[in-house]
file query.txt (compact mmCIF, C-alpha atoms)
# COMPACT_ATOMS: atom_id res chain seq x y z
CA MET A 808 -0.63 -110.18 -66.78
CA THR A 809 -4.15 -109.73 -68.10
CA ALA A 810 -6.22 -112.25 -70.05
CA LEU A 811 -5.67 -110.41 -73.34
CA GLN A 812 -1.91 -110.34 -72.82
CA LYS A 813 -1.79 -114.01 -71.91
CA LEU A 814 -3.72 -114.93 -75.04
CA TYR A 815 -1.63 -112.97 -77.48
CA ASN A 816 1.90 -112.53 -76.23
CA PHE A 817 2.74 -115.90 -77.77
CA SER A 818 1.45 -114.86 -81.20
CA LYS A 819 4.18 -112.25 -81.73
CA LYS A 820 6.63 -115.15 -82.16
CA LEU A 821 4.63 -116.73 -84.98
CA LYS A 822 5.03 -116.23 -88.68
CA TYR A 823 2.12 -114.74 -90.60
CA SER A 824 1.73 -118.06 -92.38
CA ASP A 825 0.86 -119.59 -88.99
CA ILE A 826 -1.63 -116.90 -87.94
CA VAL A 827 -5.35 -116.73 -88.41
CA MET A 828 -6.13 -113.18 -87.37
CA PRO A 829 -8.83 -112.76 -84.76
CA THR A 830 -12.00 -110.91 -85.60
CA LEU A 831 -13.40 -108.33 -83.20
CA PHE A 832 -16.69 -106.73 -82.35
CA ILE A 833 -16.12 -103.51 -80.41
CA GLY A 834 -18.78 -101.63 -78.48
CA HIS A 835 -17.51 -98.14 -79.20
CA GLY A 836 -19.89 -95.96 -77.15
CA THR A 837 -19.48 -92.19 -77.03
CA PRO A 838 -16.93 -90.47 -79.32
CA MET A 839 -15.33 -89.11 -76.15
CA ASN A 840 -13.80 -92.55 -75.64
CA SER A 841 -11.40 -91.49 -78.39
CA ILE A 842 -9.67 -88.91 -76.18
CA ASP A 843 -10.43 -90.30 -72.73
CA ASN A 844 -8.16 -92.79 -71.02
CA ASN A 845 -10.87 -94.82 -69.35
CA LYS A 846 -11.31 -98.53 -68.67
CA PHE A 847 -12.71 -99.12 -72.15
CA SER A 848 -10.08 -97.27 -74.14
CA LEU A 849 -7.29 -98.71 -71.99
CA ASN A 850 -8.52 -102.20 -72.90
CA TRP A 851 -8.47 -101.22 -76.58
CA ALA A 852 -4.87 -100.11 -76.20
CA GLU A 853 -3.97 -103.34 -74.42
CA LEU A 854 -5.67 -105.32 -77.14
CA GLY A 855 -3.64 -103.55 -79.83
CA ASN A 856 -0.44 -104.30 -77.93
CA SER A 857 -1.38 -107.97 -77.54
CA LEU A 858 -2.49 -108.80 -81.08
CA PRO A 859 -0.14 -109.78 -83.88
CA LYS A 860 0.25 -106.64 -85.98
CA PRO A 861 -2.27 -106.78 -88.84
CA LYS A 862 -1.21 -106.26 -92.44
CA ALA A 863 -4.44 -104.31 -92.89
CA ILE A 864 -7.72 -103.63 -91.08
CA ILE A 865 -11.25 -103.67 -92.48
CA VAL A 866 -13.89 -101.98 -90.31
CA VAL A 867 -17.66 -102.33 -90.54
CA SER A 868 -18.82 -99.20 -88.73
CA ALA A 869 -22.32 -98.37 -87.55
CA HIS A 870 -21.81 -94.88 -88.97
CA TRP A 871 -21.52 -95.68 -92.68
CA LEU A 872 -24.95 -96.63 -93.97
CA THR A 873 -25.37 -96.76 -97.74
CA LYS A 874 -27.54 -97.99 -100.57
CA GLY A 875 -25.47 -100.82 -101.95
CA THR A 876 -22.24 -102.04 -100.35
CA HIS A 877 -19.12 -99.90 -100.71
CA ILE A 878 -15.50 -100.22 -99.66
CA THR A 879 -13.04 -97.36 -99.30
CA ALA A 880 -10.35 -97.51 -101.97
CA MET A 881 -8.26 -94.36 -101.58
CA ASN A 882 -4.59 -94.13 -100.60
CA ASN A 883 -5.16 -91.64 -97.79
CA PRO A 884 -8.61 -91.72 -96.16
CA THR A 885 -9.62 -88.57 -94.30
CA THR A 886 -10.59 -88.45 -90.63
CA ILE A 887 -14.35 -87.80 -90.52
CA HIS A 888 -15.80 -85.90 -87.54
CA ASP A 889 -19.38 -87.11 -87.93
CA PHE A 890 -20.87 -85.67 -84.71
CA TYR A 891 -21.65 -82.34 -83.07
CA GLY A 892 -21.85 -80.80 -79.61
CA PHE A 893 -18.54 -82.22 -78.36
CA PRO A 894 -15.38 -80.42 -77.17
CA GLN A 895 -13.02 -78.94 -79.76
CA ALA A 896 -10.34 -81.42 -78.72
CA LEU A 897 -12.39 -84.17 -80.34
CA PHE A 898 -12.68 -82.28 -83.61
CA ASP A 899 -8.93 -81.69 -83.56
CA VAL A 900 -8.20 -85.43 -83.72
CA ASN A 901 -6.56 -86.56 -86.95
CA TYR A 902 -5.88 -90.23 -87.54
CA PRO A 903 -3.79 -90.43 -90.72
CA ALA A 904 -3.82 -94.17 -91.33
CA PRO A 905 -3.21 -95.08 -94.98
CA GLY A 906 -5.67 -96.91 -97.18
CA ASN A 907 -5.05 -99.94 -99.38
CA PRO A 908 -6.65 -99.70 -102.84
CA ALA A 909 -5.26 -103.09 -103.84
CA LEU A 910 -6.99 -104.79 -100.92
CA ALA A 911 -10.22 -102.95 -101.75
CA GLN A 912 -10.03 -104.33 -105.27
CA GLU A 913 -9.33 -107.81 -103.91
CA VAL A 914 -12.43 -107.64 -101.72
CA LYS A 915 -14.51 -106.44 -104.67
CA ASN A 916 -13.19 -109.32 -106.81
CA GLN A 917 -13.84 -111.81 -104.04
CA LEU A 918 -17.44 -110.70 -103.47
CA THR A 919 -18.60 -111.18 -107.04
CA ASN A 920 -22.19 -111.88 -105.98
CA TYR A 921 -22.50 -108.62 -104.03
CA ASN A 922 -21.67 -105.89 -106.57
CA ILE A 923 -19.25 -104.02 -104.28
CA ASP A 924 -18.51 -100.41 -105.27
CA LEU A 925 -15.08 -98.85 -104.74
CA ASP A 926 -15.45 -95.59 -102.81
CA HIS A 927 -13.01 -92.66 -103.00
CA GLU A 928 -14.87 -90.13 -100.83
CA TRP A 929 -15.86 -91.49 -97.41
CA GLY A 930 -12.73 -91.90 -95.24
CA LEU A 931 -12.66 -93.09 -91.61
CA ASP A 932 -15.65 -92.20 -89.43
CA HIS A 933 -15.67 -92.12 -85.65
CA GLY A 934 -16.87 -95.71 -85.42
CA THR A 935 -13.41 -96.57 -86.72
CA TRP A 936 -10.87 -94.07 -85.45
CA THR A 937 -12.21 -93.71 -81.90
CA VAL A 938 -11.15 -97.32 -81.44
CA THR A 939 -8.14 -97.72 -83.74
CA ARG A 940 -6.31 -94.65 -82.45
CA HIS A 941 -6.06 -96.44 -79.09
CA MET A 942 -5.31 -99.86 -80.54
CA PHE A 943 -2.78 -98.66 -83.12
CA PRO A 944 -1.72 -95.12 -82.17
CA LYS A 945 1.05 -94.96 -84.79
CA ALA A 946 -1.61 -95.00 -87.54
CA ASP A 947 0.77 -97.08 -89.65
CA ILE A 948 -1.61 -99.91 -90.62
CA PRO A 949 -3.78 -99.56 -93.74
CA ILE A 950 -7.47 -99.23 -92.83
CA LEU A 951 -10.48 -99.71 -95.07
CA GLN A 952 -14.16 -99.32 -94.25
CA LEU A 953 -16.85 -101.62 -95.59
CA SER A 954 -20.23 -99.91 -95.64
CA ILE A 955 -23.54 -101.26 -94.39
CA ASP A 956 -26.20 -101.58 -97.09
CA PHE A 957 -29.11 -100.47 -94.91
CA ASN A 958 -31.66 -101.75 -97.41
CA GLN A 959 -30.64 -105.36 -96.90
CA PRO A 960 -31.87 -107.87 -94.29
CA LEU A 961 -29.60 -109.20 -91.58
CA ASP A 962 -29.00 -112.53 -93.30
CA TYR A 963 -27.49 -110.62 -96.26
CA HIS A 964 -24.85 -109.14 -93.95
CA TYR A 965 -24.19 -112.48 -92.29
CA GLU A 966 -23.72 -114.28 -95.60
CA LEU A 967 -21.51 -111.50 -97.00
CA ALA A 968 -19.27 -111.78 -93.94
CA THR A 969 -18.83 -115.53 -94.43
CA GLN A 970 -17.22 -114.74 -97.81
CA LEU A 971 -14.51 -112.68 -96.08
CA LYS A 972 -13.21 -115.40 -93.74
CA ASP A 973 -10.16 -116.16 -95.87
CA LEU A 974 -8.84 -112.64 -95.31
CA ARG A 975 -8.18 -113.61 -91.70
CA LYS A 976 -5.54 -116.05 -93.01
CA LYS A 977 -3.87 -113.22 -94.94
CA GLY A 978 -3.13 -111.02 -91.93
CA VAL A 979 -6.27 -108.88 -92.20
CA LEU A 980 -8.04 -107.86 -88.99
CA ILE A 981 -11.79 -107.42 -89.55
CA LEU A 982 -13.50 -105.31 -86.91
CA GLY A 983 -17.17 -104.58 -86.36
CA SER A 984 -17.84 -101.34 -84.48
CA GLY A 985 -21.24 -100.60 -82.96
CA ASN A 986 -23.09 -101.47 -79.73
CA MET A 987 -25.17 -104.53 -78.90
CA VAL A 988 -27.64 -102.40 -76.94
CA HIS A 989 -27.90 -98.82 -78.23
CA ASN A 990 -30.77 -96.46 -77.44
CA LEU A 991 -29.63 -92.83 -77.44
CA ARG A 992 -33.10 -91.51 -76.63
CA MET A 993 -32.99 -93.22 -73.23
CA VAL A 994 -29.38 -92.43 -72.35
CA VAL A 995 -28.78 -90.90 -68.93
CA TRP A 996 -26.16 -88.41 -70.12
CA ASN A 997 -24.75 -87.56 -66.70
CA LYS A 998 -23.88 -91.26 -66.35
CA ILE A 999 -22.28 -91.67 -69.78
CA ASN A 1000 -19.08 -93.10 -68.28
CA ASP A 1001 -20.73 -94.84 -65.35
CA SER A 1002 -21.58 -98.52 -65.05
CA TYR A 1003 -25.34 -98.22 -64.97
CA GLY A 1004 -27.99 -100.06 -66.95
CA TYR A 1005 -31.74 -100.34 -67.09
CA ASP A 1006 -32.96 -103.80 -66.14
CA TRP A 1007 -34.12 -104.50 -69.70
CA ALA A 1008 -30.75 -103.44 -71.16
CA ILE A 1009 -28.80 -105.74 -68.84
CA GLU A 1010 -31.22 -108.63 -69.46
CA ILE A 1011 -31.12 -108.33 -73.26
CA ASN A 1012 -27.34 -107.96 -73.27
CA GLU A 1013 -27.06 -111.23 -71.34
CA ILE A 1014 -29.44 -112.95 -73.76
CA MET A 1015 -27.31 -111.81 -76.69
CA LYS A 1016 -24.10 -113.01 -75.03
CA ASN A 1017 -25.65 -116.42 -74.37
CA LYS A 1018 -26.74 -116.69 -78.01
CA ILE A 1019 -23.24 -115.76 -79.19
CA ALA A 1020 -21.60 -118.26 -76.81
CA SER A 1021 -23.93 -121.06 -77.93
CA ASN A 1022 -23.52 -120.23 -81.66
CA SER A 1023 -27.26 -119.55 -81.90
CA PHE A 1024 -26.74 -117.06 -84.68
CA LYS A 1025 -30.13 -117.61 -86.33
CA ASP A 1026 -31.75 -116.33 -83.14
CA LEU A 1027 -29.66 -113.16 -83.33
CA ILE A 1028 -30.58 -112.67 -86.98
CA ASP A 1029 -34.26 -113.10 -85.99
CA TYR A 1030 -33.59 -110.69 -83.14
CA GLU A 1031 -37.16 -109.41 -82.78
CA LYS A 1032 -38.10 -112.70 -81.08
CA LEU A 1033 -35.38 -112.45 -78.43
CA ASN A 1034 -37.26 -110.43 -75.82
CA SER A 1035 -40.42 -108.37 -75.41
CA HIS A 1036 -38.28 -105.25 -74.80
CA ILE A 1037 -36.01 -105.78 -77.81
CA LYS A 1038 -37.16 -102.58 -79.53
CA LEU A 1039 -35.84 -100.61 -76.56
CA ALA A 1040 -32.44 -102.23 -76.98
CA ILE A 1041 -32.39 -102.05 -80.78
CA PRO A 1042 -34.61 -99.17 -81.95
CA SER A 1043 -32.52 -99.08 -85.13
CA LEU A 1044 -30.24 -101.71 -86.64
CA ASP A 1045 -27.28 -99.42 -87.41
CA HIS A 1046 -25.26 -100.33 -84.30
CA TYR A 1047 -26.41 -103.97 -84.29
CA ILE A 1048 -25.46 -104.95 -87.84
CA PRO A 1049 -21.65 -104.73 -87.31
CA MET A 1050 -21.98 -107.54 -84.76
CA ILE A 1051 -23.73 -109.72 -87.37
CA TYR A 1052 -20.62 -109.42 -89.56
CA ASN A 1053 -18.46 -110.80 -86.79
CA LEU A 1054 -20.77 -113.77 -86.35
CA GLY A 1055 -20.39 -114.53 -90.06
CA LEU A 1056 -16.61 -114.37 -89.74
CA LYS A 1057 -16.43 -117.04 -87.06
CA ASP A 1058 -14.43 -120.17 -87.87
CA ASN A 1059 -15.23 -123.55 -86.35
CA LYS A 1060 -11.82 -123.56 -84.64
CA ASP A 1061 -12.33 -120.19 -82.94
CA ASP A 1062 -12.51 -119.60 -79.22
CA LEU A 1063 -14.53 -116.71 -77.79
CA LEU A 1064 -13.57 -113.95 -75.37
CA PHE A 1065 -15.89 -111.22 -74.06
CA PHE A 1066 -14.41 -107.97 -72.73
CA ASN A 1067 -15.54 -104.42 -71.79
CA ASP A 1068 -18.71 -106.17 -70.74
CA GLU A 1069 -20.58 -103.30 -69.09
CA CYS A 1070 -23.73 -101.27 -69.51
CA VAL A 1071 -23.27 -97.50 -69.28
CA ALA A 1072 -25.66 -94.53 -69.17
CA GLY A 1073 -28.64 -96.82 -68.80
CA SER A 1074 -29.17 -97.87 -72.40
CA LEU A 1075 -25.75 -98.52 -73.98
CA THR A 1076 -23.66 -101.67 -73.63
CA MET A 1077 -19.93 -101.57 -74.28
CA THR A 1078 -19.82 -105.36 -74.47
CA SER A 1079 -17.23 -106.51 -76.98
CA PHE A 1080 -16.00 -109.90 -78.09
CA MET A 1081 -13.21 -111.56 -80.00
CA TYR A 1082 -13.02 -114.79 -81.98
CA TYR A 1083 -9.47 -116.12 -81.97
CA GLN A 1084 -7.41 -119.27 -82.51
call {"tool": "encode", "arguments": {"input": "query.txt", "output": "structure tokens"}}
result
Amino acid sequence: MTALQKLYNFSKKLKYSDIVMPTLFIGHGTPMNSIDNNKFSLNWAELGNSLPKPKAIIVVSAHWLTKGTHITAMNNPTTIHDFYGFPQALFDVNYPAPGNPALAQEVKNQLTNYNIDLDHEWGLDHGTWTVTRHMFPKADIPILQLSIDFNQPLDYHYELATQLKDLRKKGVLILGSGNMVHNLRMVVWNKINDSYGYDWAIEINEIMKNKIASNSFKDLIDYEKLNSHIKLAIPSLDHYIPMIYNLGLKDNKDDLLFFNDECVAGSLTMTSFMYYQ
């Protein structure tokens, strides 16, 4: 029995009133992980089988950057194929998970200081469905996406996330989807599924993990001071910000588990983590 199974097999016997849902940061990597049965996607599937079934899922994806903060509020979000140059099999994927307009309205009402807009156009991008189709292949759990206001500093995203903690007590799984180290310009494409990392990528990934484990979140918000090579690891904040949301969602009673902790293709880390009780 694996660590994930040991942690969560017991939770299936609990009532929802007893459960504080975990919160996850997932390193999602290449869209091909959606249709490949590799060590990363197999762990996502195992995770889905081990968790208590969520009443709903809210995803903060690296691939929905907006002016202002938006949340999807339609009954049936579309599957967005927001990439090019991949096999047709990837474009053929449809993940027909329902939405939950009532939950979107609840989030809007809860975040009164953030002027959240209800969105009826976006859908589910590949930062969401590449992961959830392995975790919850029946597509029977309502999924919403919360956008990233790319005009805001990191402490805005952290503070916004702290206002969502109570949703964990209501059966809502909140998932950040990005990559801690993400530099596509330096990817070694013929090693995209291989465990291989530049020295700086491995070093910075370890620094980030240590900061997460020691609850040194201010250091991660002031990320530019972490390492002299940090701009190689984080040339843009799009894949880094989802992790900041998960830090804001942490409860004082949470334990921490890292998984899929590998560097691939030189400059991408699949490192993922879960806060759980």
call {"tool": "residues_around", "arguments": {"input": "query.txt", "residues": "Phe893 (chain A)", "least_positions_apart": "5", "cutoff": "10 Å", "atoms": "only C-alpha atoms", "output": "number ranges by chain"}}
result
A: 838-839, 898
call {"tool": "closest_atom_pairs", "arguments": {"input": "query.txt", "of": "region 831-946 of chain A", "to": "region 978-999 of chain A", "cutoff": "10 Å", "atoms": "only C-alpha atoms", "output": "Markdown table"}}
result
| residue | atom | partner | partner_atom | distance |
| --- | --- | --- | --- | --- |
| A:Leu831 | CA | A:Leu982 | CA | 4.8 |
| A:Phe832 | CA | A:Gly983 | CA | 4.6 |
| A:Ile833 | CA | A:Ser984 | CA | 4.9 |
| A:Gly834 | CA | A:Asn986 | CA | 4.5 |
| A:His835 | CA | A:Gly985 | CA | 5.8 |
| A:Gly836 | CA | A:Asn986 | CA | 6.9 |
| A:Thr837 | CA | A:Ile999 | CA | 7.8 |
| A:Met839 | CA | A:Ile999 | CA | 9.8 |
| A:Leu858 | CA | A:Leu980 | CA | 9.7 |
| A:Pro859 | CA | A:Gly978 | CA | 8.7 |
| A:Lys860 | CA | A:Gly978 | CA | 8.1 |
| A:Pro861 | CA | A:Gly978 | CA | 5.3 |
| A:Lys862 | CA | A:Gly978 | CA | 5.2 |
| A:Ala863 | CA | A:Val979 | CA | 5.0 |
| A:Ile864 | CA | A:Leu980 | CA | 4.7 |
| A:Ile865 | CA | A:Ile981 | CA | 4.8 |
| A:Val866 | CA | A:Leu982 | CA | 4.8 |
| A:Val867 | CA | A:Gly983 | CA | 4.8 |
| A:Ser868 | CA | A:Ser984 | CA | 4.9 |
| A:Ala869 | CA | A:Gly985 | CA | 5.2 |
| A:His870 | CA | A:Gly985 | CA | 8.3 |
| A:Leu910 | CA | A:Val979 | CA | 9.7 |
| A:His933 | CA | A:Ser984 | CA | 9.5 |
| A:Gly934 | CA | A:Ser984 | CA | 5.8 |
| A:Thr935 | CA | A:Ser984 | CA | 6.9 |
| A:Thr937 | CA | A:Ser984 | CA | 9.8 |
| A:Val938 | CA | A:Ser984 | CA | 8.4 |
| A:Thr939 | CA | A:Leu982 | CA | 9.8 |
call {"tool": "residues_around", "arguments": {"input": "query.txt", "residues": "Ile887 (chain A)", "least_positions_apart": "4", "cutoff": "8 Å", "atoms": "only C-alpha atoms", "output": "tab-separated table (two decimals) with C-alpha atoms, in the frame of the given file"}}
result
chain	number	residue	atom	x	y	z
A	929	TRP	CA	-15.86	-91.49	-97.41
A	930	GLY	CA	-12.73	-91.90	-95.24
A	931	LEU	CA	-12.66	-93.09	-91.61
A	932	ASP	CA	-15.65	-92.20	-89.43
A	933	HIS	CA	-15.67	-92.12	-85.65
call {"tool": "closest_residue", "arguments": {"input": "query.txt", "among": "A:Gln959, A:Asn840, A:Ser954, A:Thr876", "to": "Pro1049 (chain A)", "atoms": "all atoms listed in the file"}}
result
A:Ser954
call {"tool": "residues_around", "arguments": {"input": "query.txt", "residues": "Tyr963 (chain A)", "least_positions_apart": "3", "cutoff": "12 Å", "atoms": "only C-alpha atoms", "output": "list in words"}}
result
Gly875, Thr876, Asn920, Tyr921, Ile955, Asp956, Phe957, Asn958, Gln959, Pro960, Glu966, Leu967, Ala968, Thr969, Gln970, Ile1028, Ile1048, Ile1051, Tyr1052 and Gly1055 of chain A
call {"tool": "closest_residue", "arguments": {"input": "query.txt", "among": "A:Asp899, A:Gly892, A:Asp924, A:Lys945", "to": "Gly855 (chain A)", "atoms": "all atoms listed in the file"}}
result
A:Lys945
call {"tool": "axis_aligned_box", "arguments": {"input": "query.txt", "around": "region 852-869 of chain A", "padding_each_side": "3 Å", "output": "JSON"}}
result
{"center_x": -11.0, "center_y": -104.1, "center_z": -83.7, "size_x": 28.6, "size_y": 17.4, "size_z": 24.5}
call {"tool": "residues_near_point", "arguments": {"input": "query.txt", "point": "(-16.9, -104.7, -74.6)", "cutoff": "9 Å", "atoms": "all atoms listed in the file", "output": "PyMOL selection string"}}
result
chain A and resi 832-835+847+850+986+1065-1069+1076-1080
call {"tool": "closest_residue", "arguments": {"input": "query.txt", "among": "A:Leu1027, A:Val827, A:Ala852, A:Ala896", "to": "Asp962 (chain A)", "atoms": "only C-alpha atoms"}}
result
A:Leu1027
call {"tool": "atom_distance", "arguments": {"input": "query.txt", "atom1": "CA of Ala1008 (chain A)", "atom2": "CA of Phe1024 (chain A)"}}
result
19.6 Å
call {"tool": "closest_residue", "arguments": {"input": "query.txt", "among": "A:Leu953, A:Asp1061, A:Thr830, A:Pro903", "to": "Lys915 (chain A)", "atoms": "all atoms listed in the file"}}
result
A:Leu953
call {"tool": "closest_residue", "arguments": {"input": "query.txt", "among": "A:Ala1020, A:Met828, A:Ala904, A:Val1071", "to": "Leu974 (chain A)", "atoms": "only C-alpha atoms"}}
result
A:Met828
call {"tool": "residues_near_point", "arguments": {"input": "query.txt", "point": "(-30.8, -108.7, -82.9)", "cutoff": "8 Å", "atoms": "all atoms listed in the file", "output": "ChimeraX atom specification"}}
result
/A:1015,1026-1031,1033,1037,1041,1044,1047
call {"tool": "write_last_selection", "arguments": {"input": "query.txt", "atoms": "C-alpha atoms", "output": "PDB file, keeping the file's coordinate frame"}}
result
ATOM      1  CA  MET A1015     -27.310-111.810 -76.690  1.00  0.00           C
ATOM      2  CA  ASP A1026     -31.750-116.330 -83.140  1.00  0.00           C
ATOM      3  CA  LEU A1027     -29.660-113.160 -83.330  1.00  0.00           C
ATOM      4  CA  ILE A1028     -30.580-112.670 -86.980  1.00  0.00           C
ATOM      5  CA  ASP A1029     -34.260-113.100 -85.990  1.00  0.00           C
ATOM      6  CA  TYR A1030     -33.590-110.690 -83.140  1.00  0.00           C
ATOM      7  CA  GLU A1031     -37.160-109.410 -82.780  1.00  0.00           C
ATOM      8  CA  LEU A1033     -35.380-112.450 -78.430  1.00  0.00           C
ATOM      9  CA  ILE A1037     -36.010-105.780 -77.810  1.00  0.00           C
ATOM     10  CA  ILE A1041     -32.390-102.050 -80.780  1.00  0.00           C
ATOM     11  CA  LEU A1044     -30.240-101.710 -86.640  1.00  0.00           C
ATOM     12  CA  TYR A1047     -26.410-103.970 -84.290  1.00  0.00           C
TER      13      TYR A1047
END
